[in-house]
>>> print(open('target-v8.cif').read())   # mmCIF, C-alpha atoms
data_final
#
loop_
_atom_site.label_atom_id
_atom_site.label_comp_id
_atom_site.auth_asym_id
_atom_site.auth_seq_id
_atom_site.Cartn_x
_atom_site.Cartn_y
_atom_site.Cartn_z
CA MET A 1 -45.46 47.33 22.26
CA ALA A 2 -43.47 46.15 19.22
CA THR A 3 -40.23 47.48 20.84
CA ASP A 4 -40.96 45.59 24.08
CA LYS A 5 -41.59 42.39 22.11
CA GLN A 6 -38.34 42.79 20.18
CA SER A 7 -36.46 43.38 23.42
CA ALA A 8 -37.92 40.22 24.93
CA GLU A 9 -36.81 38.26 21.88
CA LYS A 10 -33.28 39.71 22.10
CA GLU A 11 -33.04 38.74 25.75
CA ILE A 12 -33.14 35.01 24.79
CA THR A 13 -29.49 34.10 24.39
CA VAL A 14 -28.07 31.44 22.08
CA GLU A 15 -27.15 29.44 25.19
CA GLU A 16 -30.78 29.47 26.31
CA LYS A 17 -31.93 28.48 22.84
CA LEU A 18 -29.49 25.56 22.77
CA SER A 19 -30.48 24.49 26.28
CA THR A 20 -34.19 24.56 25.35
CA LEU A 21 -33.50 22.59 22.18
CA TYR A 22 -31.60 19.96 24.14
CA GLN A 23 -34.43 19.67 26.67
CA LEU A 24 -36.88 19.27 23.77
CA GLN A 25 -34.63 16.60 22.29
CA ALA A 26 -34.65 14.74 25.61
CA MET A 27 -38.48 14.82 25.67
CA MET A 28 -38.74 13.56 22.10
CA THR A 29 -36.23 10.78 22.82
CA GLU A 30 -38.41 9.57 25.70
CA ILE A 31 -41.45 9.61 23.40
CA ASP A 32 -39.44 7.62 20.84
CA LYS A 33 -38.66 5.04 23.53
CA ILE A 34 -42.39 4.65 24.21
CA LYS A 35 -43.02 4.13 20.48
CA THR A 36 -40.21 1.57 20.39
CA LEU A 37 -41.82 -0.22 23.33
CA ARG A 38 -44.96 -0.56 21.22
CA GLY A 39 -42.72 -1.88 18.49
CA GLU A 40 -44.31 -3.15 15.31
CA LEU A 41 -47.63 -3.92 17.01
CA PRO A 42 -49.61 -1.03 15.39
CA LEU A 43 -48.40 -2.13 11.94
CA GLU A 44 -49.10 -5.79 12.72
CA VAL A 45 -52.64 -4.90 13.82
CA GLN A 46 -53.18 -2.88 10.62
CA ASP A 47 -51.81 -5.71 8.45
CA LEU A 48 -54.08 -8.26 10.14
CA GLU A 49 -57.11 -5.99 9.71
CA ASP A 50 -56.32 -5.56 6.00
CA GLU A 51 -55.79 -9.32 5.57
CA ILE A 52 -59.10 -10.10 7.29
CA VAL A 53 -60.96 -7.70 4.97
CA GLY A 54 -59.31 -9.41 1.99
CA LEU A 55 -60.23 -12.89 3.24
CA GLU A 56 -63.83 -11.86 3.92
CA THR A 57 -64.11 -10.40 0.41
CA ARG A 58 -62.73 -13.61 -1.09
CA LEU A 59 -65.17 -15.65 1.02
CA GLN A 60 -68.10 -13.57 -0.26
CA ASN A 61 -66.89 -14.09 -3.83
CA TYR A 62 -66.73 -17.87 -3.32
CA GLN A 63 -70.24 -17.92 -1.87
CA SER A 64 -71.47 -15.83 -4.80
CA GLU A 65 -69.85 -18.27 -7.25
CA ILE A 66 -71.57 -21.23 -5.55
CA LYS A 67 -74.93 -19.47 -5.96
CA ASP A 68 -74.15 -18.94 -9.64
CA PHE A 69 -73.31 -22.64 -10.05
CA GLU A 70 -76.49 -23.65 -8.20
CA ASN A 71 -78.56 -21.39 -10.46
CA ALA A 72 -76.84 -22.93 -13.49
CA VAL A 73 -77.75 -26.43 -12.22
CA VAL A 74 -81.40 -25.37 -11.88
CA GLU A 75 -81.29 -23.99 -15.43
CA GLN A 76 -79.84 -27.25 -16.81
CA LYS A 77 -82.46 -29.31 -14.95
CA HIS A 78 -85.13 -27.11 -16.48
CA LYS A 79 -83.66 -27.82 -19.94
CA ILE A 80 -83.73 -31.57 -19.20
CA THR A 81 -87.40 -31.29 -18.26
CA GLU A 82 -88.12 -29.43 -21.51
CA SER A 83 -86.19 -31.95 -23.61
CA THR A 84 -87.87 -34.89 -21.87
CA GLY A 85 -91.27 -33.37 -22.60
CA LEU A 86 -90.36 -32.85 -26.28
CA ILE A 87 -89.14 -36.44 -26.58
CA GLU A 88 -92.45 -37.70 -25.21
CA LYS A 89 -94.29 -35.43 -27.64
CA TYR A 90 -92.23 -36.56 -30.64
CA LYS A 91 -92.61 -40.24 -29.70
CA THR A 92 -96.39 -39.80 -29.65
CA GLN A 93 -96.24 -38.15 -33.06
CA LEU A 94 -94.27 -41.11 -34.44
CA ASP A 95 -97.41 -43.24 -34.19
CA ASN A 96 -99.16 -40.94 -36.65
CA VAL A 97 -96.48 -40.33 -39.30
CA ARG A 98 -97.59 -40.38 -42.94
CA ASN A 99 -94.25 -40.93 -44.65
CA ASN A 100 -90.59 -41.74 -44.09
CA ARG A 101 -89.51 -38.10 -44.20
CA GLU A 102 -91.72 -37.22 -41.20
CA PHE A 103 -90.45 -40.32 -39.40
CA ASP A 104 -86.81 -39.32 -40.05
CA ASN A 105 -87.39 -35.73 -38.95
CA LEU A 106 -89.07 -36.81 -35.72
CA SER A 107 -86.36 -39.41 -35.07
CA LYS A 108 -83.68 -36.74 -35.53
CA GLU A 109 -85.52 -34.41 -33.12
CA ILE A 110 -85.76 -37.21 -30.55
CA GLU A 111 -82.03 -37.93 -30.97
CA PHE A 112 -81.17 -34.22 -30.72
CA GLN A 113 -83.17 -33.78 -27.51
CA GLY A 114 -81.49 -36.89 -26.11
CA LEU A 115 -78.10 -35.30 -26.80
CA GLU A 116 -79.33 -32.09 -25.17
CA ILE A 117 -80.24 -34.10 -22.07
CA GLU A 118 -76.81 -35.76 -22.03
CA PHE A 119 -75.12 -32.36 -22.40
CA SER A 120 -77.20 -30.88 -19.56
CA GLU A 121 -76.43 -33.87 -17.33
CA LYS A 122 -72.72 -33.41 -18.08
CA LYS A 123 -72.94 -29.71 -17.19
CA ILE A 124 -74.79 -30.56 -13.96
CA ARG A 125 -71.97 -32.96 -12.99
CA GLU A 126 -69.36 -30.28 -13.78
CA PHE A 127 -71.24 -27.65 -11.77
CA GLY A 128 -71.59 -30.16 -8.92
CA GLU A 129 -67.82 -30.74 -8.90
CA ALA A 130 -67.21 -26.99 -9.00
CA ILE A 131 -69.57 -26.47 -6.05
CA LYS A 132 -67.81 -29.26 -4.14
CA HIS A 133 -64.39 -27.66 -4.71
CA LYS A 134 -65.66 -24.19 -3.81
CA LYS A 135 -67.17 -25.48 -0.58
CA ALA A 136 -63.81 -27.07 0.28
CA ASP A 137 -62.12 -23.72 -0.46
CA ILE A 138 -64.67 -21.94 1.73
CA ALA A 139 -64.06 -24.35 4.61
CA GLU A 140 -60.28 -23.82 4.34
CA LEU A 141 -60.67 -20.06 3.97
CA SER A 142 -63.10 -19.86 6.91
CA GLU A 143 -60.62 -21.70 9.12
CA LYS A 144 -57.85 -19.34 8.06
CA LEU A 145 -60.12 -16.33 8.65
CA GLU A 146 -60.99 -17.46 12.16
CA GLY A 147 -57.30 -17.92 12.90
CA ARG A 148 -56.49 -14.41 11.69
CA LYS A 149 -59.34 -12.97 13.74
CA GLY A 150 -57.93 -14.72 16.81
CA ASP A 151 -54.47 -13.28 16.05
CA LEU A 152 -56.01 -9.81 15.69
CA VAL A 153 -57.78 -10.00 19.06
CA GLN A 154 -54.50 -11.03 20.70
CA LYS A 155 -52.43 -8.29 19.01
CA GLN A 156 -55.06 -5.64 19.77
CA SER A 157 -55.09 -6.73 23.41
CA GLU A 158 -51.28 -6.48 23.60
CA LEU A 159 -51.33 -3.05 21.94
CA GLU A 160 -54.11 -1.73 24.17
CA GLN A 161 -52.25 -2.91 27.26
CA ILE A 162 -49.02 -1.19 26.22
CA ILE A 163 -50.89 1.98 25.24
CA SER A 164 -52.74 2.07 28.57
CA GLU A 165 -49.44 1.61 30.43
CA THR A 166 -47.63 4.35 28.51
CA LYS A 167 -50.45 6.75 27.61
CA GLN A 168 -50.12 9.00 30.65
CA ASP A 169 -46.32 9.18 30.31
CA GLU A 170 -46.59 10.04 26.62
CA GLU A 171 -49.24 12.71 27.22
CA ARG A 172 -47.14 14.25 29.99
CA LEU A 173 -44.05 14.31 27.77
CA ARG A 174 -45.94 15.74 24.81
CA GLU A 175 -47.37 18.50 27.00
CA LYS A 176 -43.89 19.43 28.21
CA ALA A 177 -42.53 19.27 24.66
CA LYS A 178 -45.34 21.57 23.50
CA LYS A 179 -44.43 24.17 26.14
CA LEU A 180 -40.77 24.01 25.17
CA GLU A 181 -41.62 24.41 21.48
CA ALA A 182 -43.51 27.61 22.31
CA ASN A 183 -40.21 29.10 23.56
CA ILE A 184 -38.27 28.27 20.39
CA GLU A 185 -38.33 30.57 17.40
CA PRO A 186 -40.25 29.03 14.46
CA ARG A 187 -37.30 28.88 12.05
CA LEU A 188 -35.06 27.11 14.58
CA LEU A 189 -37.87 24.75 15.58
CA ALA A 190 -38.50 23.88 11.92
CA ALA A 191 -34.79 23.15 11.47
CA PHE A 192 -34.81 20.95 14.59
CA LYS A 193 -37.77 18.92 13.28
CA ARG A 194 -36.22 18.60 9.83
CA ILE A 195 -32.90 17.35 11.24
CA ARG A 196 -34.66 14.99 13.63
CA LYS A 197 -36.77 13.53 10.83
CA GLY A 198 -33.68 12.82 8.74
CA ALA A 199 -31.64 11.37 11.61
CA ARG A 200 -31.59 7.58 11.92
CA ASN A 201 -31.94 7.62 15.71
CA GLY A 202 -34.10 10.74 15.90
CA LEU A 203 -31.34 12.84 17.48
CA ALA A 204 -31.25 16.42 16.21
CA VAL A 205 -29.23 17.87 19.13
CA VAL A 206 -26.12 16.08 20.43
CA TYR A 207 -23.27 16.98 22.73
CA VAL A 208 -19.58 16.71 21.92
CA GLN A 209 -18.03 13.42 23.05
CA ARG A 210 -14.25 13.11 23.18
CA GLY A 211 -13.80 15.77 20.55
CA ALA A 212 -16.32 14.18 18.19
CA CYS A 213 -19.94 14.72 17.15
CA GLY A 214 -22.23 12.77 19.46
CA GLY A 215 -24.39 11.79 16.49
CA CYS A 216 -22.04 10.58 13.76
CA PHE A 217 -18.82 10.46 15.87
CA ASN A 218 -16.74 12.32 13.31
CA LYS A 219 -13.92 14.43 14.77
CA ILE A 220 -14.60 18.13 15.29
CA PRO A 221 -11.81 20.66 14.59
CA PRO A 222 -10.43 22.32 17.78
CA GLN A 223 -11.59 25.81 16.74
CA LYS A 224 -15.14 24.58 16.21
CA GLN A 225 -15.03 22.81 19.59
CA LEU A 226 -14.11 26.14 21.15
CA ASP A 227 -16.99 27.90 19.34
CA ILE A 228 -19.36 25.26 20.68
CA LYS A 229 -18.15 25.87 24.23
CA LEU A 230 -18.61 29.61 23.86
CA ARG A 231 -22.33 29.10 23.03
CA LYS A 232 -22.49 32.25 20.96
CA LYS A 233 -24.05 30.71 17.85
CA VAL A 234 -25.86 27.56 16.73
CA ILE A 235 -23.31 25.19 15.23
CA VAL A 236 -24.16 22.08 13.20
CA CYS A 237 -21.98 19.10 12.36
CA GLU A 238 -20.53 19.40 8.87
CA TYR A 239 -20.96 15.64 8.37
CA CYS A 240 -24.44 14.78 9.69
CA GLY A 241 -26.05 18.22 10.08
CA ARG A 242 -26.98 17.75 13.76
CA ILE A 243 -26.93 20.70 16.16
CA MET A 244 -23.99 20.36 18.57
CA ILE A 245 -23.63 21.58 22.16
CA ASP A 246 -20.92 21.17 24.78
CA PRO A 247 -21.26 18.42 27.42
CA GLU A 248 -21.61 20.87 30.29
CA LEU A 249 -24.74 22.43 28.74
CA ALA A 250 -26.14 18.91 28.39
CA GLY A 251 -25.45 18.30 32.07
CA VAL A 252 -22.80 15.71 31.30
CA GLU A 253 -19.29 15.55 32.77
CA GLU A 254 -16.86 14.65 30.02
#
>>> encode(input="target-v8.cif", output="structure tokens")
Amino acid sequence: MATDKQSAEKEITVEEKLSTLYQLQAMMTEIDKIKTLRGELPLEVQDLEDEIVGLETRLQNYQSEIKDFENAVVEQKHKITESTGLIEKYKTQLDNVRNNREFDNLSKEIEFQGLEIEFSEKKIREFGEAIKHKKADIAELSEKLEGRKGDLVQKQSELEQIISETKQDEERLREKAKKLEANIEPRLLAAFKRIRKGARNGLAVVYVQRGACGGCFNKIPPQKQLDIKLRKKVIVCEYCGRIMIDPELAGVEE
């Protein structure tokens, strides 16, 4: 069984390997075109979703701050009530003082509580202004949030439309690519993917064009051009590292 498997592997020529790689490259290029058609929409949708989460979090923080200010106002009003009650109490006690020292002490307490009331009223005004500003911020933020949500709905609709239009084509291409990958030895396939990942235009396999590499367009020495035509070994460009094949194998008339 092992001998039969080895024989089957030996039967796959370099020419067949190169041809399969070029077919795989063609499939992947078509998939790349579909991704290009979608453009930056997936990233734009993600950015809008992230921005909306950030705006909603900020809105919640603003609303929480308003509640804190409102609670602080209630607390200050409670202090005013307490101070007012003490003033009334001390004023009543003034009618029954026995000496000047008691009168002075009660007068100072009444004055102190009056200052406490003034301070609380000042804090209430400050908290009121803070609440007013926060509500204005919330209104502005809410308007911005609604706008971003509208943008997101539009971008998602555009993306869904493009995906629905190209989904079947992409699935068909990926299925074909998967079948081709199964016929390529793992080490060569790994090299193909590595080269493709590093290539600016995603081309890992290119054909010779006018004596130059079809990827970086650097001139290829005559002897190497001959080796490429012979299809006896996998040859890569010494400048860009792409796998090179002759135009005829690519189905192109030079």
>>> atom_distance(input="target-v8.cif", atom1="atom CA of A:Leu59", atom2="atom CA of A:Gly150")
17.4 Å
>>> atom_distance(input="target-v8.cif", atom1="atom CA of A:Arg148", atom2="atom CA of A:Thr57")
14.2 Å
>>> closest_residue(input="target-v8.cif", among="A:Glu121, A:Glu175, A:Glu143, A:Asp68", to="A:Thr81", atoms="all atoms listed in the file")
A:Glu121
>>> resolve_selection(input="target-v8.cif", expression="the PyMOL selection byres ((chain A and resi 13-21) around 12)", output="MDAnalysis selection string")
chainID A and resid 7:12 22:28 176:186 188:193 196 203:207 227:236 242:251
>>> atom_distance(input="target-v8.cif", atom1="atom CA of A:Lys134", atom2="atom CA of A:Glu65")
8.0 Å
>>> resolve_selection(input="target-v8.cif", expression="the PyMOL selection byres ((chain A and resi 123-129) around 12)", output="PyMOL selection string")
chain A and resi 65-80+116-122+130-136
>>> closest_residue(input="target-v8.cif", among="A:Phe112, A:Asp32, A:Glu51, A:Glu170", to="A:Arg200", atoms="only C-alpha atoms")
A:Asp32
>>> closest_residue(input="target-v8.cif", among="A:Ala199, A:Ile110, A:Ile220, A:Leu173", to="A:Lys33", atoms="only C-alpha atoms")
A:Leu173
>>> closest_residue(input="target-v8.cif", among="A:Asp47, A:Lys91, A:Glu111, A:Lys35", to="A:Asp169", atoms="all atoms listed in the file")
A:Lys35
>>> closest_residue(input="target-v8.cif", among="A:Val208, A:Glu30, A:Asn201, A:Pro42", to="A:Ile162", atoms="all atoms listed in the file")
A:Pro42
>>> residues_around(input="target-v8.cif", residues="A:Asn218", least_positions_apart="5", cutoff="10 Å", atoms="all atoms listed in the file", output="PDB file with C-alpha atoms, in the coordinates of the input")
ATOM      1  CA  GLN A 209     -18.030  13.420  23.050  1.00  0.00           C
ATOM      2  CA  GLY A 211     -13.800  15.770  20.550  1.00  0.00           C
ATOM      3  CA  ALA A 212     -16.320  14.180  18.190  1.00  0.00           C
ATOM      4  CA  CYS A 213     -19.940  14.720  17.150  1.00  0.00           C
ATOM      5  CA  CYS A 237     -21.980  19.100  12.360  1.00  0.00           C
ATOM      6  CA  GLU A 238     -20.530  19.400   8.870  1.00  0.00           C
ATOM      7  CA  TYR A 239     -20.960  15.640   8.370  1.00  0.00           C
ATOM      8  CA  CYS A 240     -24.440  14.780   9.690  1.00  0.00           C
TER       9      CYS A 240
END
